[in-house]
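Next comes final.txt, a file with compact mmCIF, C-alpha atoms.
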# COMPACT_ATOMS: atom_id res chain seq x y z
CA MET D 90 -17.49 12.59 -21.08
CA ASN D 91 -16.00 12.99 -17.57
CA ALA D 92 -12.29 12.77 -16.73
CA TYR D 93 -12.44 9.10 -15.79
CA GLU D 94 -14.25 8.15 -18.99
CA TYR D 95 -11.67 10.10 -20.98
CA VAL D 96 -8.66 8.25 -19.53
CA GLN D 97 -10.43 4.94 -20.02
CA LYS D 98 -10.69 5.48 -23.77
CA ASN D 99 -8.47 3.08 -25.73
CA GLU D 100 -6.93 1.65 -22.55
CA PRO D 101 -6.40 -2.08 -21.93
CA SER D 102 -9.27 -3.65 -20.03
CA LEU D 103 -8.82 -6.07 -17.16
CA GLU D 104 -9.68 -8.87 -19.56
CA GLU D 105 -6.95 -7.75 -21.98
CA ILE D 106 -4.43 -7.53 -19.16
CA LYS D 107 -5.33 -11.02 -17.92
CA SER D 108 -5.15 -12.57 -21.37
CA GLY D 109 -2.32 -10.70 -23.05
CA ILE D 110 0.05 -8.88 -20.72
CA ARG D 111 -0.21 -10.68 -17.41
CA VAL D 112 3.10 -11.02 -15.55
CA GLU D 113 4.32 -14.62 -15.58
CA LYS D 114 4.56 -16.52 -12.31
CA ASN D 115 8.16 -17.55 -11.68
CA PRO D 116 10.65 -17.20 -8.80
CA GLU D 117 11.87 -13.83 -10.07
CA SER D 118 8.41 -12.26 -10.29
CA LEU D 119 7.44 -13.63 -6.88
CA LYS D 120 10.64 -12.30 -5.30
CA LEU D 121 9.79 -8.91 -6.80
CA ILE D 122 6.37 -9.09 -5.16
CA PHE D 123 7.99 -10.04 -1.85
CA SER D 124 10.05 -6.83 -2.01
CA LEU D 125 6.81 -4.83 -2.39
CA VAL D 126 5.13 -6.25 0.72
CA ASP D 127 4.35 -4.04 3.70
CA LEU D 128 4.49 -6.68 6.44
CA THR D 129 1.47 -5.63 8.47
CA THR D 130 -0.10 -6.28 11.86
CA LEU D 131 -3.04 -4.07 12.79
CA ASN D 132 -4.95 -6.00 15.42
CA THR D 133 -6.44 -4.88 18.72
CA ASP D 134 -4.35 -7.45 20.58
CA ASP D 135 -1.00 -6.54 18.98
CA THR D 136 1.83 -6.52 21.52
CA ALA D 137 5.39 -5.29 21.72
CA THR D 138 6.51 -8.92 21.89
CA LYS D 139 4.79 -9.72 18.59
CA VAL D 140 6.33 -6.74 16.81
CA ARG D 141 9.77 -7.41 18.29
CA THR D 142 9.57 -10.96 16.93
CA MET D 143 8.70 -9.59 13.47
CA CYS D 144 11.77 -7.36 13.63
CA GLU D 145 13.98 -10.25 14.67
CA LYS D 146 12.64 -12.34 11.78
CA ILE D 147 13.62 -9.58 9.35
CA ASN D 148 17.02 -9.11 11.00
CA ASP D 149 17.74 -12.82 10.48
CA PHE D 150 15.98 -13.13 7.12
CA HIS D 151 19.05 -13.41 4.89
CA ASP D 152 20.49 -16.15 7.09
CA HIS D 153 17.49 -18.28 6.10
CA PHE D 154 16.81 -16.92 2.61
CA PRO D 155 20.08 -15.74 1.01
CA GLY D 156 19.60 -13.91 -2.25
CA TYR D 157 16.05 -12.90 -1.48
CA PRO D 158 14.99 -9.22 -1.18
CA LEU D 159 13.69 -7.81 2.09
CA VAL D 160 10.11 -6.61 2.46
CA GLY D 161 9.32 -2.95 1.81
CA ALA D 162 8.17 -2.01 5.32
CA ILE D 163 6.71 -3.10 8.62
CA CYS D 164 3.34 -1.42 9.25
CA VAL D 165 1.92 -1.13 12.77
CA TYR D 166 -0.13 1.12 15.04
CA PRO D 167 1.63 4.27 16.34
CA LEU D 168 2.15 2.91 19.86
CA LEU D 169 4.33 0.10 18.48
CA VAL D 170 6.54 2.24 16.24
CA PRO D 171 9.19 2.64 19.00
CA VAL D 172 9.49 -1.17 19.17
CA ILE D 173 10.47 -1.31 15.50
CA LYS D 174 12.80 1.64 15.93
CA GLU D 175 14.58 -0.18 18.76
CA TYR D 176 14.77 -3.72 17.38
CA LEU D 177 14.93 -3.46 13.57
CA VAL D 178 18.59 -3.56 12.62
CA THR D 179 18.48 -3.01 8.86
CA GLY D 180 17.86 0.44 7.50
CA LYS D 181 16.56 -1.03 4.25
CA VAL D 182 13.08 -1.77 5.60
CA ASN D 183 10.82 1.22 6.15
CA ILE D 184 8.88 1.85 9.36
CA ALA D 185 5.24 2.53 8.51
CA SER D 186 2.52 3.57 10.90
CA VAL D 187 -1.19 3.98 10.43
CA ALA D 188 -2.39 7.20 12.01
CA ALA D 189 -5.02 9.93 11.93
CA SER D 190 -7.79 7.93 13.63
CA PHE D 191 -7.25 4.79 11.57
CA PRO D 192 -9.39 3.04 10.35
CA SER D 193 -12.48 5.28 10.55
CA SER D 194 -10.84 8.71 10.21
CA GLN D 195 -13.62 10.13 12.35
CA THR D 196 -11.99 12.62 14.69
CA PHE D 197 -10.84 16.23 14.74
CA PRO D 198 -8.24 17.30 12.14
CA GLU D 199 -5.98 18.59 14.91
CA VAL D 200 -5.94 15.14 16.53
CA LYS D 201 -5.09 13.52 13.19
CA GLU D 202 -2.21 15.92 12.65
CA MET D 203 -0.86 15.34 16.17
CA GLU D 204 -1.04 11.54 15.97
CA SER D 205 0.68 11.54 12.59
CA ARG D 206 3.42 13.87 13.81
CA LEU D 207 3.98 11.84 16.98
CA ALA D 208 4.29 8.62 14.96
CA VAL D 209 7.05 10.22 12.89
CA GLU D 210 8.78 11.54 16.01
CA ALA D 211 8.68 7.97 17.38
CA GLY D 212 10.53 6.68 14.30
CA ALA D 213 8.08 6.15 11.43
CA ASN D 214 9.17 7.31 8.00
CA GLU D 215 5.87 6.38 6.33
CA ILE D 216 2.37 7.32 7.49
CA ASP D 217 -0.82 5.64 6.26
CA ILE D 218 -3.99 7.67 6.79
CA VAL D 219 -7.61 7.22 5.71
CA ILE D 220 -9.35 9.85 3.63
CA SER D 221 -12.30 11.49 5.39
CA ALA D 222 -14.75 9.31 3.51
CA GLY D 223 -17.86 10.87 5.02
CA LYS D 224 -16.78 14.35 3.96
CA PHE D 225 -15.81 13.06 0.52
CA LEU D 226 -19.18 11.38 0.01
CA GLU D 227 -20.88 14.68 0.86
CA ASN D 228 -18.67 16.38 -1.74
CA GLU D 229 -16.80 18.48 0.84
CA LEU D 230 -13.63 18.22 -1.21
CA ASP D 231 -12.00 21.35 0.23
CA TYR D 232 -12.26 19.83 3.71
CA VAL D 233 -10.74 16.56 2.48
CA SER D 234 -7.94 18.36 0.67
CA ASP D 235 -7.10 20.74 3.52
CA GLU D 236 -6.89 17.87 5.98
CA ILE D 237 -4.47 15.90 3.80
CA ARG D 238 -2.34 19.01 3.26
CA GLN D 239 -2.11 19.70 6.98
CA ILE D 240 -1.15 16.12 7.81
CA LYS D 241 1.48 16.14 5.07
CA LYS D 242 2.88 19.34 6.54
CA ALA D 243 2.87 17.83 10.05
CA ILE D 244 4.93 14.76 9.06
CA GLY D 245 7.67 16.63 7.21
CA ASN D 246 9.80 14.39 5.01
CA ALA D 247 7.96 11.16 5.85
CA LYS D 248 6.02 9.50 3.02
CA LEU D 249 2.25 9.93 3.17
CA LYS D 250 -0.01 7.10 1.97
CA VAL D 251 -3.66 8.11 1.65
CA ILE D 252 -6.19 5.28 1.90
CA LEU D 253 -9.25 5.88 -0.29
CA GLU D 254 -11.30 3.04 1.21
CA THR D 255 -12.50 2.25 -2.29
CA GLY D 256 -15.07 -0.27 -1.08
CA LEU D 257 -17.10 2.65 0.29
CA LEU D 258 -16.97 4.70 -2.90
CA PRO D 259 -20.01 4.25 -5.15
CA ASP D 260 -18.47 4.11 -8.64
CA PRO D 261 -15.21 4.30 -10.66
CA SER D 262 -15.58 8.05 -11.16
CA SER D 263 -15.59 8.53 -7.38
CA ILE D 264 -12.43 6.43 -7.03
CA TYR D 265 -10.79 8.50 -9.75
CA ARG D 266 -11.83 11.78 -8.11
CA ALA D 267 -10.64 10.64 -4.66
CA SER D 268 -7.31 9.64 -6.21
CA MET D 269 -6.84 13.03 -7.84
CA VAL D 270 -7.82 15.00 -4.71
CA SER D 271 -5.39 12.97 -2.62
CA MET D 272 -2.49 13.40 -5.03
CA GLU D 273 -3.14 17.09 -5.56
CA SER D 274 -3.14 17.54 -1.77
CA GLY D 275 0.23 15.91 -1.14
CA ALA D 276 -0.16 12.12 -1.08
CA ASP D 277 3.03 10.26 -1.97
CA PHE D 278 1.04 7.02 -2.37
CA ILE D 279 -2.62 6.28 -2.87
CA LYS D 280 -3.87 3.08 -1.23
CA THR D 281 -7.06 1.12 -1.75
CA SER D 282 -8.23 0.00 1.65
CA THR D 283 -7.79 -0.41 5.38
CA GLY D 284 -8.62 -4.10 5.19
CA LYS D 285 -11.28 -3.50 7.83
CA ILE D 286 -14.29 -3.42 5.48
CA ASN D 287 -15.47 -5.43 2.46
CA PRO D 288 -14.81 -5.16 -0.36
CA ALA D 289 -11.18 -4.29 0.25
CA ALA D 290 -8.72 -4.16 -2.66
CA THR D 291 -10.16 -5.03 -6.08
CA PRO D 292 -8.51 -5.13 -9.51
CA GLU D 293 -11.18 -2.73 -10.80
CA ALA D 294 -10.31 -0.10 -8.19
CA VAL D 295 -6.57 -0.43 -8.79
CA LEU D 296 -7.07 -0.05 -12.54
CA VAL D 297 -8.86 3.27 -11.95
CA MET D 298 -6.21 4.45 -9.50
CA CYS D 299 -3.44 3.63 -11.97
CA HIS D 300 -5.20 5.71 -14.62
CA ALA D 301 -5.38 8.61 -12.18
CA ILE D 302 -1.68 8.29 -11.30
CA ARG D 303 -0.70 8.32 -14.96
CA THR D 304 -2.88 11.33 -15.70
CA TYR D 305 -1.43 13.17 -12.69
CA MET D 306 2.13 12.36 -13.79
CA GLU D 307 1.46 13.56 -17.33
CA LYS D 308 0.07 16.80 -15.93
CA THR D 309 2.64 17.51 -13.21
CA GLY D 310 5.68 15.31 -13.85
CA HIS D 311 5.36 13.83 -10.34
CA LYS D 312 5.35 10.05 -9.85
CA ILE D 313 2.93 8.88 -7.18
CA GLY D 314 3.02 5.39 -5.65
CA ILE D 315 0.19 2.88 -5.41
CA LYS D 316 -0.65 0.39 -2.68
CA PRO D 317 -3.33 -2.28 -3.05
CA ALA D 318 -4.20 -3.54 0.44
CA GLY D 319 -6.78 -5.74 2.08
CA GLY D 320 -7.60 -9.34 1.26
CA ILE D 321 -4.46 -10.01 -0.81
CA SER D 322 -3.11 -13.31 0.47
CA THR D 323 -2.01 -15.42 -2.53
CA ALA D 324 0.69 -15.09 -5.15
CA ASP D 325 -1.91 -15.21 -7.93
CA GLN D 326 -3.85 -12.32 -6.42
CA ALA D 327 -0.68 -10.26 -6.06
CA LEU D 328 0.38 -11.07 -9.64
CA ALA D 329 -2.93 -9.70 -10.89
CA TYR D 330 -2.15 -6.32 -9.31
CA VAL D 331 1.43 -6.34 -10.57
CA SER D 332 0.08 -7.00 -14.07
CA ILE D 333 -2.28 -4.01 -13.87
CA VAL D 334 0.40 -1.66 -12.60
CA LYS D 335 2.85 -2.78 -15.29
CA ALA D 336 0.25 -2.44 -18.06
CA ILE D 337 -0.87 1.06 -17.11
CA LEU D 338 2.18 2.63 -15.46
CA GLY D 339 5.08 0.58 -16.83
CA ASN D 340 8.10 -1.23 -15.44
CA GLU D 341 9.31 1.87 -13.58
CA TRP D 342 6.53 1.36 -11.03
CA LEU D 343 7.63 -2.21 -10.25
CA ASP D 344 9.76 -0.92 -7.40
CA PRO D 345 9.10 -0.53 -3.65
CA LYS D 346 9.60 3.23 -4.01
CA LEU D 347 6.42 3.41 -6.12
CA PHE D 348 4.50 0.21 -5.42
CA ARG D 349 3.58 -1.59 -2.21
CA ILE D 350 1.18 -4.37 -1.33
CA GLY D 351 -0.39 -4.30 2.11
CA ALA D 352 -0.71 -7.84 3.42
CA SER D 353 -0.41 -9.87 6.59
CA ARG D 354 -0.57 -13.40 5.14
CA LEU D 355 1.03 -12.89 1.74
CA ALA D 356 4.70 -13.08 2.79
CA ASN D 357 4.63 -16.72 3.94
CA ASN D 358 2.56 -17.75 0.91
CA LEU D 359 5.09 -16.13 -1.42
CA LEU D 360 7.98 -17.88 0.32
CA SER D 361 6.13 -21.19 -0.05
CA GLU D 362 5.42 -20.63 -3.76
CA ILE D 363 8.99 -19.57 -4.52
CA SER D 364 10.39 -22.62 -2.75
CA SER D 365 7.94 -24.89 -4.56
CA LEU D 366 8.88 -23.48 -7.96
CA GLU D 367 12.61 -23.67 -7.28
CA THR D 368 12.55 -27.24 -5.92
CA GLY D 369 9.80 -28.62 -8.13
CA LYS D 370 8.07 -30.00 -5.02
CA PRO D 371 5.23 -28.55 -2.91
CA GLN D 372 6.65 -26.62 0.02
CA GLU D 373 4.98 -24.89 2.95
CA VAL D 374 7.10 -22.17 4.50
CA THR D 375 6.01 -20.48 7.71
CA TYR D 376 8.60 -17.90 8.65
CA PHE D 377 6.71 -14.76 9.64
Spell out the structure here as structure tokens.
Amino acid sequence: MNAYEYVQKNEPSLEEIKSGIRVEKNPESLKLIFSLVDLTTLNTDDTATKVRTMCEKINDFHDHFPGYPLVGAICVYPLLVPVIKEYLVTGKVNIASVAASFPSSQTFPEVKEMESRLAVEAGANEIDIVISAGKFLENELDYVSDEIRQIKKAIGNAKLKVILETGLLPDPSSIYRASMVSMESGADFIKTSTGKINPAATPEAVLVMCHAIRTYMEKTGHKIGIKPAGGISTADQALAYVSIVKAILGNEWLDPKLFRIGASRLANNLLSEISSLETGKPQEVTYF
């Protein structure tokens, strides 16, 4: 029995989570999910104007939605980090940057370290990198581990999210192993996907990653965050991931410090669903 099979023993299945311990959809649970969102734009045609507008929307958010939480972070390419640093007024929303040759992770380790460090120097306090999937698939785990360690060292106190790109990994045991290597090498969060390939986030992958996080915590005492990302656009999809995290890791993880959801379309859909539930009438909110 391998390590993944061991942690699976006597655990709730996805079916059990869906039927017995799924988080209920209501305004409170959807506002919680909103607080977990990394508001993301990672397109080739992203501009400073677009990112400045996102910042202004967040700056004015409570004027339009009093009593709502803010999102967890804005996530952009490194070149646009200074725009957030200049225009985002609140210090309660993190500045996240992809780096290290995102999304392919196919360049020299020294370049990855430099790009990650420069993104932090520009104002990012969270860095999202992609695991060297090719090296991992060839079982060059020391290479993968050393690279993560060096990037973590380069970014200092900034949070490091390591993207496993689970859609490229052949089986649950591989997802579990990639999770453990990333955490043991310094990841503060493990993340499913870049959103650039299919499949992106899946409940099956997140279930495995949650098992790995719990095992790592039991072994070391360190709490590692989780970030499903890619293809999550509806409240029901997000609730499925919240239900898995709650079932495996507990209520403590239902907090932006330990749980994020990477999404570009989810925020408006959540605002629409919350408004519909609170008013009892269908509402379509387009704010971001």
So, with all atoms listed in the file as the atoms that count, which of D:Tyr157, D:Phe278, D:Tyr265, D:Tyr376 lies closest to Met298 (chain D)?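 Of the candidates, the smallest distance to Met298 (chain D) is held by D:Tyr265.
Within 12 Å of Arg111 (chain D), once only C-alpha atoms are used and residues closer than 3 positions along the same chain are dropped, the contacting residues are Pro101, Ser102, Leu103, Glu104, Glu105, Ile106, Lys107, Ser108, Lys114, Ser118, Asp325, Gln326, Ala327, Leu328, Ala329, Tyr330, Val331, Ser332, Ile333, Val334, Lys335, Ala336 and Ile337 of chain D.
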Can you tell me how far CA of Ala189 (chain D) sits from CA of Val165 (chain D), in Å to one decimal?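 So the two atoms, CA of Ala189 (chain D) and CA of Val165 (chain D), lie 13.1 Å apart.
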Edge lengths and centre in Å to one decimal, as AutoDock Vina command-line options, is what I'm after for the box along x, y and z that holds all listed atoms of region 335-343 of chain D once 5 Å is added on each side.
--center_x 4.2 --center_y -0.1 --center_z -14.2 --size_x 20.2 --size_y 15.4 --size_z 17.8
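Between CA of Arg206 (chain D) and CA of Pro317 (chain D) lies a distance of 24.3 Å.
Using only C-alpha atoms, the nearest neighbour of Ser124 (chain D) within the list D:Phe348, D:Phe225, D:Phe154, D:Phe377 is D:Phe348.
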Please identify all polymer residues within 7 Å of region 250-253 of chain D, counting all atoms listed in the file, omitting same-chain residues fewer than 3 positions from it, and present them as a ChimeraX atom specification. /D:216-220,267,271,276-283
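CA of Ser361 (chain D) is found 7.8 Å from CA of Thr375 (chain D).
Closest approach to Phe191 (chain D) among D:Cys299, D:Val126, D:Met203, D:Leu131: D:Leu131, based on only C-alpha atoms.
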Near Leu355 (chain D), counting all atoms listed in the file, which residues have an atom at most 6 Å away, once you skip same-chain residues fewer than 2 positions from it, shown as a PyMOL selection string? chain D and resi 322-323+352-353+357-358
For region 301-304 of chain D, please output as a compact mmCIF listing (two decimals) with C-alpha atoms, keeping the file's coordinate frame all residues within 10 Å (counting all atoms listed in the file; exclusion window: fewer than 2 positions along the same chain).
# COMPACT_ATOMS: atom_id res chain seq x y z
CA ALA D 92 -12.29 12.77 -16.73
CA TYR D 93 -12.44 9.10 -15.79
CA VAL D 96 -8.66 8.25 -19.53
CA ILE D 264 -12.43 6.43 -7.03
CA TYR D 265 -10.79 8.50 -9.75
CA ARG D 266 -11.83 11.78 -8.11
CA ALA D 267 -10.64 10.64 -4.66
CA SER D 268 -7.31 9.64 -6.21
CA MET D 269 -6.84 13.03 -7.84
CA MET D 272 -2.49 13.40 -5.03
CA PHE D 278 1.04 7.02 -2.37
CA ILE D 279 -2.62 6.28 -2.87
CA VAL D 295 -6.57 -0.43 -8.79
CA LEU D 296 -7.07 -0.05 -12.54
CA VAL D 297 -8.86 3.27 -11.95
CA MET D 298 -6.21 4.45 -9.50
CA CYS D 299 -3.44 3.63 -11.97
CA MET D 306 2.13 12.36 -13.79
CA GLU D 307 1.46 13.56 -17.33
CA LYS D 308 0.07 16.80 -15.93
CA THR D 309 2.64 17.51 -13.21
CA GLY D 310 5.68 15.31 -13.85
CA HIS D 311 5.36 13.83 -10.34
CA LYS D 312 5.35 10.05 -9.85
CA ILE D 313 2.93 8.88 -7.18
CA GLY D 314 3.02 5.39 -5.65
CA ILE D 315 0.19 2.88 -5.41
CA ILE D 337 -0.87 1.06 -17.11
CA LEU D 338 2.18 2.63 -15.46
CA GLY D 339 5.08 0.58 -16.83
Pick out the closest residue to Asn246 (chain D) from this set: D:Glu145, D:Glu215, D:Glu229, D:Glu199. Count only C-alpha atoms.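 Using only C-alpha atoms, Asn246 (chain D) sits closest to D:Glu215.
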Could you add the missing atoms to region 139-166 of chain D, up to N, CA and C atoms, and return them as a CSV table (one decimal), keeping the file's coordinate frame?
chain,number,residue,atom,x,y,z
D,139,LYS,N,5.1,-9.3,20.0
D,139,LYS,CA,4.8,-9.7,18.6
D,139,LYS,C,5.6,-8.9,17.6
D,140,VAL,N,5.6,-7.6,17.8
D,140,VAL,CA,6.3,-6.7,16.8
D,140,VAL,C,7.8,-6.9,16.9
D,141,ARG,N,8.3,-7.1,18.1
D,141,ARG,CA,9.8,-7.4,18.3
D,141,ARG,C,10.1,-8.7,17.6
D,142,THR,N,9.3,-9.7,17.6
D,142,THR,CA,9.6,-11.0,16.9
D,142,THR,C,9.6,-10.7,15.4
D,143,MET,N,8.7,-9.9,14.9
D,143,MET,CA,8.7,-9.6,13.5
D,143,MET,C,10.0,-9.0,13.1
D,144,CYS,N,10.5,-8.0,13.9
D,144,CYS,CA,11.8,-7.4,13.6
D,144,CYS,C,12.9,-8.4,13.6
D,145,GLU,N,12.9,-9.3,14.6
D,145,GLU,CA,14.0,-10.2,14.7
D,145,GLU,C,14.0,-11.2,13.5
D,146,LYS,N,12.8,-11.5,13.0
D,146,LYS,CA,12.6,-12.3,11.8
D,146,LYS,C,13.3,-11.6,10.6
D,147,ILE,N,13.0,-10.3,10.5
D,147,ILE,CA,13.6,-9.6,9.4
D,147,ILE,C,15.1,-9.5,9.5
D,148,ASN,N,15.6,-9.2,10.7
D,148,ASN,CA,17.0,-9.1,11.0
D,148,ASN,C,17.7,-10.4,10.6
D,149,ASP,N,17.1,-11.5,10.8
D,149,ASP,CA,17.7,-12.8,10.5
D,149,ASP,C,17.3,-13.4,9.1
D,150,PHE,N,16.6,-12.6,8.3
D,150,PHE,CA,16.0,-13.1,7.1
D,150,PHE,C,17.0,-13.7,6.1
D,151,HIS,N,18.1,-13.0,5.9
D,151,HIS,CA,19.0,-13.4,4.9
D,151,HIS,C,19.9,-14.6,5.3
D,152,ASP,N,19.9,-14.9,6.6
D,152,ASP,CA,20.5,-16.2,7.1
D,152,ASP,C,19.7,-17.4,6.6
D,153,HIS,N,18.4,-17.2,6.5
D,153,HIS,CA,17.5,-18.3,6.1
D,153,HIS,C,17.2,-18.3,4.6
D,154,PHE,N,17.2,-17.1,4.0
D,154,PHE,CA,16.8,-16.9,2.6
D,154,PHE,C,17.8,-16.0,1.9
D,155,PRO,N,19.1,-16.5,1.7
D,155,PRO,CA,20.1,-15.7,1.0
D,155,PRO,C,19.7,-15.5,-0.4
D,156,GLY,N,19.9,-14.3,-0.9
D,156,GLY,CA,19.6,-13.9,-2.2
D,156,GLY,C,18.2,-13.4,-2.4
D,157,TYR,N,17.4,-13.4,-1.4
D,157,TYR,CA,16.0,-12.9,-1.5
D,157,TYR,C,16.1,-11.4,-1.1
D,158,PRO,N,15.1,-10.6,-1.6
D,158,PRO,CA,15.0,-9.2,-1.2
D,158,PRO,C,14.3,-9.2,0.2
D,159,LEU,N,14.5,-8.1,0.9
D,159,LEU,CA,13.7,-7.8,2.1
D,159,LEU,C,12.3,-7.2,1.7
D,160,VAL,N,11.4,-7.2,2.7
D,160,VAL,CA,10.1,-6.6,2.5
D,160,VAL,C,10.3,-5.1,2.4
D,161,GLY,N,9.2,-4.4,1.9
D,161,GLY,CA,9.3,-3.0,1.8
D,161,GLY,C,9.2,-2.2,3.1
D,162,ALA,N,8.4,-2.7,4.1
D,162,ALA,CA,8.2,-2.0,5.3
D,162,ALA,C,7.5,-2.9,6.3
D,163,ILE,N,7.6,-2.5,7.6
D,163,ILE,CA,6.7,-3.1,8.6
D,163,ILE,C,5.7,-2.0,9.0
D,164,CYS,N,4.4,-2.4,9.0
D,164,CYS,CA,3.3,-1.4,9.2
D,164,CYS,C,2.6,-1.8,10.5
D,165,VAL,N,2.5,-0.9,11.5
D,165,VAL,CA,1.9,-1.1,12.8
D,165,VAL,C,1.1,0.1,13.2
D,166,TYR,N,0.5,0.0,14.4
D,166,TYR,CA,-0.1,1.1,15.0
D,166,TYR,C,0.9,2.0,15.6
